[in-house]
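Here is the structure we will look at.
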Amino acid sequence: MTVDLPITCTCGTLKGHLQAVSPDTGTRYVCHCRDCQAFIHFLKRQSDVLDENAGTGVFQTRPSRLTIAGGLDQLRCIRLTAKPTLRWYAGCCNSPLFNTTSSGRYPFLSAICHCADPGLRDDAMGPVSGHLSAAEAVGDMSGKTEAGGNRMLLGVVYRMICERLSGRSRDTPLFDPVTGEPVAVPAIMDPVDRARLDASIARWNGQ
């Protein structure tokens, strides 16, 4: 059974849903990579979004499943490095929302679990499949399954192919359907600011 899973920013200004969500329509991970940690710290949401091992819960699925019903003008995105990854958040309350590629031509969506309805997300998304970048986690990770990068990449490629074959590869509110450009102009973090942020994260993590 699938569920239309509500998503919202913390203050409720931006709202929408992921259509027809089930454990078969995406994969749930917890990512501990430095960039995911940096994104949450940039938003100053580390206290309520990151888990005890500095991990961010994400659900990787097809971007055509996303609709935004209100607060579209609050969408913001940033590139933390030269990597082609956009990190989306709500400007009204600095709520982390999604990770995507930098162009709508490459249909990929990693929805941050924190923005999904907490009463429905566990049943809709299913259990965590594994932990990504476990070597960059904080604290004791014993007993937690590390996710293989190759398996994750295969899932990403499979969903991209499915989007293209379905004809819905540009059916997403995050990118212009004609140009493939993001609907919000990406901010680009200066390397000096990133270095300062990384130093702050290291202090937060007690490193």
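In the structure tokens, the first chain shown is A, the next is B, and so on; residue numbers restart at 1 for each chain, and ligands run from 1 in the order shown.
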
Long-range neighbours of region 122-134 of chain A as a count of residues only, 6 Å cut-off, only C-alpha atoms, 5 positions minimum in chain:
12

For the structure I just gave you, how does DSSP split region 1-174 of chain A - specifically, which residues are strand (DSSP E)? Reply as an MDAnalysis selection string.
chainID A and resid 3:8 15:21 26:31 56:61 66:70 75:79 85:90 95:101 109:112 130:132

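One distance worth recording is that between CA of Arg168 (chain A) and CA of Leu18 (chain A), which is 14.7 Å.
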
Can you pull out every residue within 12 Å of Ala54 (chain A), counting only C-alpha atoms, but drop anything in the same chain fewer than 2 positions away, and send it as a PyMOL selection string?
chain A and resi 30-41+45-52+56-57+131-141+201-202+204-206

Those residues you just picked out, can you put them in a file as a short mmCIF file (atom, residue, chain, number, x, y, z; two decimals), in the first residue's frame with N, CA and C atoms?
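Output (again-v6.cif):
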data_model
loop_
_atom_site.label_atom_id
_atom_site.label_comp_id
_atom_site.auth_asym_id
_atom_site.auth_seq_id
_atom_site.Cartn_x
_atom_site.Cartn_y
_atom_site.Cartn_z
N VAL A 30 20.40 6.79 6.43
CA VAL A 30 20.90 7.86 7.30
C VAL A 30 22.29 8.20 6.79
N CYS A 31 22.50 9.48 6.46
CA CYS A 31 23.79 9.89 5.90
C CYS A 31 24.58 10.69 6.93
N HIS A 32 25.86 10.33 7.09
CA HIS A 32 26.73 10.99 8.06
C HIS A 32 27.83 11.80 7.38
N CYS A 33 27.74 12.01 6.08
CA CYS A 33 28.84 12.67 5.37
C CYS A 33 29.04 14.10 5.86
N ARG A 34 30.22 14.62 5.63
CA ARG A 34 30.55 15.97 6.11
C ARG A 34 29.67 17.03 5.48
N ASP A 35 29.28 16.81 4.22
CA ASP A 35 28.44 17.81 3.56
C ASP A 35 27.03 17.83 4.15
N CYS A 36 26.49 16.67 4.45
CA CYS A 36 25.16 16.63 5.09
C CYS A 36 25.21 17.28 6.47
N GLN A 37 26.27 16.99 7.21
CA GLN A 37 26.43 17.63 8.51
C GLN A 37 26.56 19.15 8.35
N ALA A 38 27.34 19.58 7.36
CA ALA A 38 27.55 21.00 7.15
C ALA A 38 26.25 21.72 6.78
N PHE A 39 25.42 21.07 5.98
CA PHE A 39 24.14 21.67 5.59
C PHE A 39 23.27 21.93 6.82
N ILE A 40 23.16 20.95 7.69
CA ILE A 40 22.31 21.10 8.86
C ILE A 40 22.89 22.15 9.82
N HIS A 41 24.19 22.17 9.97
CA HIS A 41 24.82 23.19 10.81
C HIS A 41 24.68 24.58 10.20
N ARG A 45 20.28 23.88 12.60
CA ARG A 45 19.23 22.94 13.01
C ARG A 45 19.82 21.63 13.53
N GLN A 46 21.10 21.65 13.90
CA GLN A 46 21.75 20.41 14.30
C GLN A 46 21.12 19.78 15.55
N SER A 47 20.57 20.60 16.43
CA SER A 47 20.03 20.06 17.69
C SER A 47 18.78 19.22 17.48
N ASP A 48 17.98 19.54 16.44
CA ASP A 48 16.72 18.81 16.27
C ASP A 48 16.66 17.96 15.01
N VAL A 49 17.67 18.05 14.13
CA VAL A 49 17.64 17.25 12.90
C VAL A 49 18.65 16.11 12.93
N LEU A 50 19.87 16.37 13.37
CA LEU A 50 20.90 15.33 13.39
C LEU A 50 20.63 14.33 14.51
N ASP A 51 20.93 13.04 14.25
CA ASP A 51 20.81 12.05 15.30
C ASP A 51 22.06 12.03 16.18
N GLU A 52 22.13 11.09 17.09
CA GLU A 52 23.24 11.06 18.05
C GLU A 52 24.58 10.78 17.39
N THR A 56 21.80 12.37 9.17
CA THR A 56 20.57 12.96 8.65
C THR A 56 19.76 11.87 7.96
N GLY A 57 18.52 11.69 8.36
CA GLY A 57 17.65 10.72 7.71
C GLY A 57 17.18 11.24 6.37
N HIS A 131 23.44 2.95 6.73
CA HIS A 131 24.06 4.23 7.06
C HIS A 131 25.14 4.55 6.03
N LEU A 132 25.02 5.72 5.41
CA LEU A 132 25.98 6.17 4.42
C LEU A 132 27.09 6.96 5.08
N SER A 133 28.32 6.83 4.56
CA SER A 133 29.49 7.56 5.08
C SER A 133 29.64 7.35 6.59
N ALA A 134 29.52 6.10 7.01
CA ALA A 134 29.60 5.79 8.43
C ALA A 134 30.95 6.17 9.03
N ALA A 135 32.00 6.21 8.21
CA ALA A 135 33.32 6.57 8.71
C ALA A 135 33.37 8.02 9.18
N GLU A 136 32.43 8.85 8.74
CA GLU A 136 32.39 10.25 9.13
C GLU A 136 31.40 10.51 10.26
N ALA A 137 30.82 9.43 10.79
CA ALA A 137 29.85 9.57 11.88
C ALA A 137 30.56 9.95 13.18
N VAL A 138 29.76 10.36 14.14
CA VAL A 138 30.26 10.72 15.47
C VAL A 138 29.77 9.67 16.46
N GLY A 139 30.65 9.25 17.35
CA GLY A 139 30.23 8.33 18.39
C GLY A 139 30.23 6.88 17.96
N ASP A 140 29.58 6.04 18.74
CA ASP A 140 29.58 4.60 18.56
C ASP A 140 28.58 4.17 17.49
N MET A 141 29.07 3.56 16.43
CA MET A 141 28.21 3.08 15.34
C MET A 141 28.08 1.57 15.36
N ILE A 201 31.83 22.80 13.30
CA ILE A 201 31.25 21.45 13.43
C ILE A 201 32.17 20.55 14.23
N ALA A 202 33.46 20.65 13.97
CA ALA A 202 34.43 19.83 14.71
C ALA A 202 34.35 20.14 16.21
N TRP A 204 31.69 21.30 17.78
CA TRP A 204 30.39 20.77 18.22
C TRP A 204 30.48 19.26 18.47
N ASN A 205 31.21 18.59 17.58
CA ASN A 205 31.33 17.12 17.68
C ASN A 205 32.38 16.69 18.70
N GLY A 206 33.07 17.67 19.29
CA GLY A 206 34.10 17.35 20.28
C GLY A 206 35.35 16.77 19.68
#

Residues near His17 (chain A), anyone? I mean within 6 Å using only C-alpha atoms, not counting same-chain ones fewer than 5 positions away, as a CSV table (one decimal) with C-alpha atoms, in the first residue's frame.
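After the write, out.csv holds the following:
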chain,number,residue,atom,x,y,z
A,5,LEU,CA,3.0,11.6,2.6
A,6,PRO,CA,2.7,15.2,3.8
A,7,ILE,CA,5.8,17.3,4.1
A,67,THR,CA,4.3,18.4,-5.1

Neighbour list for Lys15 (chain A) as a PyMOL selection string, cut-off 7 Å, only C-alpha atoms, skip fewer than 2 positions in-chain
chain A and resi 7-9+12-13+68-71

Can you pull out every residue within 9 Å of Gln74 (chain A), counting only C-alpha atoms, but drop anything in the same chain fewer than 3 positions away, and send it as an NGL selection string?
:A and (13-14 or 71 or 89-92)

Requested write-out: C-alpha atoms of the selected residues, as a PDB file, in the first residue's frame:
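Output below, filename out-v7.pdb:
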ATOM      1  CA  THR A  13       4.560  27.996   5.599  1.00  0.00           C
ATOM      2  CA  LEU A  14       5.913  25.578   2.989  1.00  0.00           C
ATOM      3  CA  GLY A  71       5.088  28.435   0.307  1.00  0.00           C
ATOM      4  CA  TYR A  89      15.567  24.463   2.538  1.00  0.00           C
ATOM      5  CA  ALA A  90      12.703  26.727   3.583  1.00  0.00           C
ATOM      6  CA  GLY A  91      13.874  30.305   4.048  1.00  0.00           C
ATOM      7  CA  CYS A  92      11.055  31.091   6.468  1.00  0.00           C
TER       8      CYS A  92
END

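Proximity ranking of A:Lys44, A:Ser166, A:Asp190, A:Thr27 relative to Arg151 (chain A) places A:Thr27 first, based on only C-alpha atoms.
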
Between A:Asn94, A:Gln60, A:Thr179, A:Gln207, single out the one closest to Leu43 (chain A), counting only C-alpha atoms.
A:Asn94

With a distance cut-off of 9 Å and only C-alpha atoms, select the neighbouring residues of Arg76 (chain A), excluding the residue or stretch itself and same-chain residues fewer than 4 positions from it, and output the selection as a list of chain:residue names.
A:Arg87, A:Trp88, A:Tyr89, A:Ala90, A:Gly91, A:Val183, A:Ala184, A:Val185, A:Pro186, A:Ala187

For the selection just defined, write its residues with C-alpha atoms to a file, as a short mmCIF file (atom, residue, chain, number, x, y, z; two decimals), in the first residue's frame.
data_model
loop_
_atom_site.label_atom_id
_atom_site.label_comp_id
_atom_site.auth_asym_id
_atom_site.auth_seq_id
_atom_site.Cartn_x
_atom_site.Cartn_y
_atom_site.Cartn_z
CA ARG A 87 20.62 21.45 -0.87
CA TRP A 88 17.13 22.86 -0.51
CA TYR A 89 15.57 24.46 2.54
CA ALA A 90 12.70 26.73 3.58
CA GLY A 91 13.87 30.30 4.05
CA VAL A 183 13.45 27.65 -9.42
CA ALA A 184 15.55 29.36 -6.73
CA VAL A 185 18.93 30.90 -7.55
CA PRO A 186 21.52 28.77 -5.75
CA ALA A 187 23.75 30.43 -3.21
#

Taking the DSSP secondary structure from the backbone, can you list the residues of chain A that are helix (DSSP H, G or I), as a PyMOL selection string?
chain A and resi 34-42+46-49+63-65+72-74+113-115+121-125+134-136+149-166+191-204

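Going from CA of Ser102 (chain A) over to CA of Gly148 (chain A), you cover 23.7 Å.
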
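Closest approach to Thr172 (chain A) among A:Asp24, A:Asp73, A:Phe108, A:Met1 is made by A:Phe108 (distances from only C-alpha atoms).
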
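CA of Ala20 (chain A) to CA of Val3 (chain A) spans 4.9 Å [interatomic distance, one decimal].
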
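Distances here use only C-alpha atoms; by that measure, the residue among A:Leu80, A:Ala199, A:Leu153, A:Ile161 closest to Pro107 (chain A) is A:Ile161.
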